[in-house]
Amino acid sequence: MSWQRNVRTVTPYVPGEQPDRAGIIKLNTNESPYPPAPGVIAKAAELNGADFRLYPDPDAEGLIQTLADYYGICADQVFVGVGSDDVLAMAFLTFFNSGRPIFFPDITYAFYDVWADLYRIPYERKPLDDKFRLVREDYDGENGGVIFPNPNAPTGVEESQELIEDILRANRDSVVIIDEAYIDFGGTSCLPLINQYDNILVVQTFSKSRAMAGMRIGFAMGDKKLIAYLRAAKFSFNSYTLNRPALELGIEAVKDEAYFRSTTAKIIATREAVKDELRKLGFSFPDSKGNFVFATHEESRAEELFQALKQHGIYVRYWNRPRIDNYLRITIGTEEEMKSLLDFLEGYLKH
């Protein structure tokens with residue numbers, strides 16, 4: 001068994017449960033409660049399966065140009081990958097190679113330390129303050145890069161553009177990655193900053209606001225030099241990352257602006273209504289700008305609530321980790337799903 005000494009070992013990321021049960025309410029993985037745009041569904045029905053024998057466009061030119069046009073930037077400022085996880089992993093591999101530690105928050109997306117461990121990148125977790133906000137001064141000093149979500153996951157807290165610019169100015173010799181997976185639910189994107197700073201990479205996804213988690217489409221936007229480096233790394237080991245259906249259906253998703261605005265507005269409205277009802281039940285939470293609420297109860301322990309909800313067929317997310325072990329992350333579903341959640345909690349908390 002001596003070969004095991006040479007294995008690259010890592011503790012993997014643990015995704016939310018994907019239960020295969022009829023009649024459950026799934027509020028644990030931040031998926032959209034609504035279907036993709038009608039054009040996506042129509043295009044999917046038109047796809048010619050015979051074309052699947054052919055490789056997809058390795059340059060993803062159609063999707064990249066569609067995204068560039070939509071966001072008002074140049075095609076050489078856009079990179080696409082198999083979900084934002086693929087894009088972020090590629091960015092870790094490409095940009096975090098100095099040997100100095102990269103910085104990210106202690107309460108954040110749990111994949112960051114997994115990628116750092118996998119690629120042997122040193123890192124430092126910077127504690128959020130007692131309101132789950134970044135401490136600006138923690139991101140000064142010598143480092144090999146900075147990454148954080150905005151809005152943050154799992155807290156939903158959005159940082160100000162002023163603070164982010166301060167971090168960018170303090171780290172001109174490092175790449176700063178802003179993970180904007182939840183930006184379309186009421187946040188302000190850092191995208192305008194890519195034309196002012198050549199060291200910022202903004203990463204977004206089709207999985208949440210465009211209701212295409214199953215298609216796995218993510219993208220990054222930044223200075224053309226950053227994008228060129230990402231493309232070079234990608235083509236070094238896998239040219240054909242996005243499959244043919246994803247490339248075509250992704251274009252259709254971007255085209256339907258009215259549907260996109262309608263569904264994100266519904267999710268935002270439901271989220272704000274749920275916040276009001278949760279407060280009445282004794283919950284407190286940061287002001288989320290994501291499609292979820294990160295809630296704690298003043299009397300009932302989060303783990304007990306998690307198990308009670310699960311037994312009732314309602315799945316939310318719970319982490320047994322320091323500082324957040326008394327919080328539940330609750331994805332915003334349809335109005336009907338959220339009513340079922342609230343009704344159960346009201347009944348449970350009365351006992």
# chains A, B, ... in the order shown; residues from 1 in each chain; ligands from 1
>>> residues_around(residues="Phe306 (chain A)", least_positions_apart="4", cutoff="12 Å", atoms="only C-alpha atoms", output="list in words")
Leu27, Asn28, Ala295, Thr296, His297, Ser300, Arg301, Ala302, Lys310, Gln311, His312, Gly313, Ile314, Tyr315, Val316, Arg317, Tyr318, Trp319, Asn320, Asp325, Asn326, Tyr327, Leu328, Arg329, Ile330, Leu341, Phe344, Leu345 and Tyr348 of chain A
>>> closest_atom_pairs(of="region 84-126 of chain A", to="region 150-158 of chain A", cutoff="8 Å", atoms="only C-alpha atoms", output="tab-separated table")
residue	atom	partner	partner_atom	distance
A:Ile107	CA	A:Pro154	CA	7.5
A:Thr108	CA	A:Ala153	CA	5.3
A:Tyr109	CA	A:Ala153	CA	5.5
>>> write_last_selection(atoms="N, CA and C atoms", output="PDB file, in the first residue's frame")
ATOM      1  N   ILE A 107     -16.383  32.483   7.475  1.00  0.00           N
ATOM      2  CA  ILE A 107     -17.727  31.995   7.188  1.00  0.00           C
ATOM      3  C   ILE A 107     -18.021  32.348   5.736  1.00  0.00           C
ATOM      4  N   THR A 108     -17.985  31.353   4.870  1.00  0.00           N
ATOM      5  CA  THR A 108     -18.098  31.630   3.443  1.00  0.00           C
ATOM      6  C   THR A 108     -18.389  30.324   2.717  1.00  0.00           C
ATOM      7  N   TYR A 109     -18.323  30.370   1.394  1.00  0.00           N
ATOM      8  CA  TYR A 109     -18.549  29.194   0.569  1.00  0.00           C
ATOM      9  C   TYR A 109     -17.512  28.128   0.898  1.00  0.00           C
TER      10      TYR A 109
END
>>> residues_around(residues="Val175 (chain A)", least_positions_apart="4", cutoff="9 Å", atoms="only C-alpha atoms", output="list in words")
Phe95, Phe96, Gly144, Gly145, Val146, Ile147, Leu168, Asn171, Asp198, Asn199, Ile200, Leu201 and Leu226 of chain A
>>> closest_residue(among="A:Pro101, A:Pro33, A:Ser236, A:Cys190", to="Lys126 (chain A)", atoms="only C-alpha atoms")
A:Pro101
>>> atom_distance(atom1="CA of Asp85 (chain A)", atom2="CA of Glu159 (chain A)")
21.5 Å
>>> select_by_dssp(residues="region 206-262 of chain A", states="alpha helix (DSSP H)", output="PDB file with N, CA and C atoms, in the first residue's frame")
ATOM      1  N   LYS A 224      -8.981  41.649 -20.019  1.00  0.00           N
ATOM      2  CA  LYS A 224      -8.726  40.647 -21.065  1.00  0.00           C
ATOM      3  C   LYS A 224      -7.468  39.816 -20.786  1.00  0.00           C
ATOM      4  N   LYS A 225      -6.505  40.382 -20.038  1.00  0.00           N
ATOM      5  CA  LYS A 225      -5.319  39.590 -19.703  1.00  0.00           C
ATOM      6  C   LYS A 225      -5.679  38.466 -18.734  1.00  0.00           C
ATOM      7  N   LEU A 226      -6.523  38.771 -17.736  1.00  0.00           N
ATOM      8  CA  LEU A 226      -6.973  37.731 -16.821  1.00  0.00           C
ATOM      9  C   LEU A 226      -7.688  36.616 -17.575  1.00  0.00           C
ATOM     10  N   ILE A 227      -8.579  37.016 -18.483  1.00  0.00           N
ATOM     11  CA  ILE A 227      -9.356  36.037 -19.232  1.00  0.00           C
ATOM     12  C   ILE A 227      -8.448  35.199 -20.127  1.00  0.00           C
ATOM     13  N   ALA A 228      -7.458  35.823 -20.729  1.00  0.00           N
ATOM     14  CA  ALA A 228      -6.519  35.075 -21.585  1.00  0.00           C
ATOM     15  C   ALA A 228      -5.765  34.021 -20.781  1.00  0.00           C
ATOM     16  N   TYR A 229      -5.366  34.371 -19.556  1.00  0.00           N
ATOM     17  CA  TYR A 229      -4.677  33.396 -18.706  1.00  0.00           C
ATOM     18  C   TYR A 229      -5.610  32.243 -18.346  1.00  0.00           C
ATOM     19  N   LEU A 230      -6.865  32.543 -18.047  1.00  0.00           N
ATOM     20  CA  LEU A 230      -7.830  31.479 -17.742  1.00  0.00           C
ATOM     21  C   LEU A 230      -8.023  30.547 -18.928  1.00  0.00           C
ATOM     22  N   ARG A 231      -8.158  31.132 -20.106  1.00  0.00           N
ATOM     23  CA  ARG A 231      -8.353  30.315 -21.300  1.00  0.00           C
ATOM     24  C   ARG A 231      -7.140  29.426 -21.561  1.00  0.00           C
ATOM     25  N   ALA A 232      -5.951  29.949 -21.336  1.00  0.00           N
ATOM     26  CA  ALA A 232      -4.740  29.156 -21.546  1.00  0.00           C
ATOM     27  C   ALA A 232      -4.702  27.962 -20.593  1.00  0.00           C
ATOM     28  N   ALA A 233      -5.095  28.184 -19.340  1.00  0.00           N
ATOM     29  CA  ALA A 233      -5.124  27.079 -18.378  1.00  0.00           C
ATOM     30  C   ALA A 233      -6.171  26.048 -18.776  1.00  0.00           C
ATOM     31  N   LYS A 234      -7.352  26.526 -19.181  1.00  0.00           N
ATOM     32  CA  LYS A 234      -8.423  25.610 -19.589  1.00  0.00           C
ATOM     33  C   LYS A 234      -7.979  24.735 -20.753  1.00  0.00           C
ATOM     34  N   ARG A 244     -22.794  20.796 -25.949  1.00  0.00           N
ATOM     35  CA  ARG A 244     -23.566  21.492 -26.979  1.00  0.00           C
ATOM     36  C   ARG A 244     -24.912  22.015 -26.464  1.00  0.00           C
ATOM     37  N   PRO A 245     -25.697  21.213 -25.736  1.00  0.00           N
ATOM     38  CA  PRO A 245     -26.956  21.759 -25.217  1.00  0.00           C
ATOM     39  C   PRO A 245     -26.748  22.965 -24.298  1.00  0.00           C
ATOM     40  N   ALA A 246     -25.748  22.899 -23.429  1.00  0.00           N
ATOM     41  CA  ALA A 246     -25.500  24.015 -22.521  1.00  0.00           C
ATOM     42  C   ALA A 246     -25.187  25.293 -23.286  1.00  0.00           C
ATOM     43  N   LEU A 247     -24.391  25.181 -24.328  1.00  0.00           N
ATOM     44  CA  LEU A 247     -24.046  26.366 -25.112  1.00  0.00           C
ATOM     45  C   LEU A 247     -25.274  26.994 -25.761  1.00  0.00           C
ATOM     46  N   GLU A 248     -26.158  26.159 -26.306  1.00  0.00           N
ATOM     47  CA  GLU A 248     -27.340  26.693 -26.990  1.00  0.00           C
ATOM     48  C   GLU A 248     -28.396  27.179 -26.006  1.00  0.00           C
ATOM     49  N   LEU A 249     -28.620  26.424 -24.948  1.00  0.00           N
ATOM     50  CA  LEU A 249     -29.647  26.803 -23.993  1.00  0.00           C
ATOM     51  C   LEU A 249     -29.220  28.006 -23.156  1.00  0.00           C
ATOM     52  N   GLY A 250     -27.927  28.140 -22.943  1.00  0.00           N
ATOM     53  CA  GLY A 250     -27.439  29.312 -22.226  1.00  0.00           C
ATOM     54  C   GLY A 250     -27.740  30.598 -22.963  1.00  0.00           C
ATOM     55  N   ILE A 251     -27.598  30.571 -24.268  1.00  0.00           N
ATOM     56  CA  ILE A 251     -27.917  31.752 -25.080  1.00  0.00           C
ATOM     57  C   ILE A 251     -29.386  32.122 -24.931  1.00  0.00           C
ATOM     58  N   GLU A 252     -30.252  31.124 -24.963  1.00  0.00           N
ATOM     59  CA  GLU A 252     -31.689  31.390 -24.841  1.00  0.00           C
ATOM     60  C   GLU A 252     -32.028  31.977 -23.477  1.00  0.00           C
ATOM     61  N   ALA A 253     -31.347  31.524 -22.444  1.00  0.00           N
ATOM     62  CA  ALA A 253     -31.607  32.047 -21.104  1.00  0.00           C
ATOM     63  C   ALA A 253     -31.283  33.530 -21.008  1.00  0.00           C
ATOM     64  N   VAL A 254     -30.205  33.940 -21.633  1.00  0.00           N
ATOM     65  CA  VAL A 254     -29.798  35.347 -21.572  1.00  0.00           C
ATOM     66  C   VAL A 254     -30.725  36.234 -22.401  1.00  0.00           C
ATOM     67  N   LYS A 255     -31.267  35.687 -23.460  1.00  0.00           N
ATOM     68  CA  LYS A 255     -32.120  36.482 -24.365  1.00  0.00           C
ATOM     69  C   LYS A 255     -33.388  36.993 -23.691  1.00  0.00           C
ATOM     70  N   GLU A 257     -34.897  38.659 -21.168  1.00  0.00           N
ATOM     71  CA  GLU A 257     -34.712  39.583 -20.060  1.00  0.00           C
ATOM     72  C   GLU A 257     -35.982  39.753 -19.230  1.00  0.00           C
ATOM     73  N   ALA A 258     -37.136  39.798 -19.888  1.00  0.00           N
ATOM     74  CA  ALA A 258     -38.392  40.010 -19.176  1.00  0.00           C
ATOM     75  C   ALA A 258     -38.664  38.864 -18.201  1.00  0.00           C
ATOM     76  N   TYR A 259     -38.450  37.637 -18.644  1.00  0.00           N
ATOM     77  CA  TYR A 259     -38.679  36.488 -17.766  1.00  0.00           C
ATOM     78  C   TYR A 259     -37.691  36.500 -16.601  1.00  0.00           C
ATOM     79  N   PHE A 260     -36.445  36.794 -16.890  1.00  0.00           N
ATOM     80  CA  PHE A 260     -35.408  36.871 -15.862  1.00  0.00           C
ATOM     81  C   PHE A 260     -35.789  37.884 -14.791  1.00  0.00           C
ATOM     82  N   ARG A 261     -36.196  39.067 -15.201  1.00  0.00           N
ATOM     83  CA  ARG A 261     -36.580  40.110 -14.238  1.00  0.00           C
ATOM     84  C   ARG A 261     -37.821  39.706 -13.455  1.00  0.00           C
ATOM     85  N   SER A 262     -38.739  39.043 -14.115  1.00  0.00           N
ATOM     86  CA  SER A 262     -39.978  38.639 -13.457  1.00  0.00           C
ATOM     87  C   SER A 262     -39.717  37.610 -12.350  1.00  0.00           C
TER      88      SER A 262
END
>>> closest_residue(among="A:Leu305, A:Asn30, A:Glu272, A:Asn243", to="Arg53 (chain A)", atoms="only C-alpha atoms")
A:Asn243
>>> atom_distance(atom1="CA of Ile178 (chain A)", atom2="CA of Phe104 (chain A)")
10.6 Å
>>> select_by_dssp(residues="region 10-119 of chain A", states="strand (DSSP E or B)", output="VMD selection string")
chain A and resid 25 to 26 78 to 81 102 to 105
>>> write_last_selection(atoms="C-alpha atoms", output="mmCIF file, in the first residue's frame")
data_model
loop_
_atom_site.group_PDB
_atom_site.id
_atom_site.type_symbol
_atom_site.label_atom_id
_atom_site.label_comp_id
_atom_site.auth_asym_id
_atom_site.auth_seq_id
_atom_site.Cartn_x
_atom_site.Cartn_y
_atom_site.Cartn_z
ATOM 1 C CA ILE A 25 -40.138 20.693 -0.167
ATOM 2 C CA LYS A 26 -36.507 21.256 -1.125
ATOM 3 C CA VAL A 78 -15.609 36.811 -20.728
ATOM 4 C CA PHE A 79 -14.691 33.245 -19.754
ATOM 5 C CA VAL A 80 -17.206 30.390 -19.446
ATOM 6 C CA GLY A 81 -17.065 27.061 -17.651
ATOM 7 C CA ILE A 102 -4.723 33.674 -0.066
ATOM 8 C CA PHE A 103 -7.341 35.414 2.077
ATOM 9 C CA PHE A 104 -11.030 34.600 2.410
ATOM 10 C CA PRO A 105 -13.625 34.861 5.211
#
>>> atom_distance(atom1="CA of Phe285 (chain A)", atom2="CA of Asp179 (chain A)")
21.5 Å
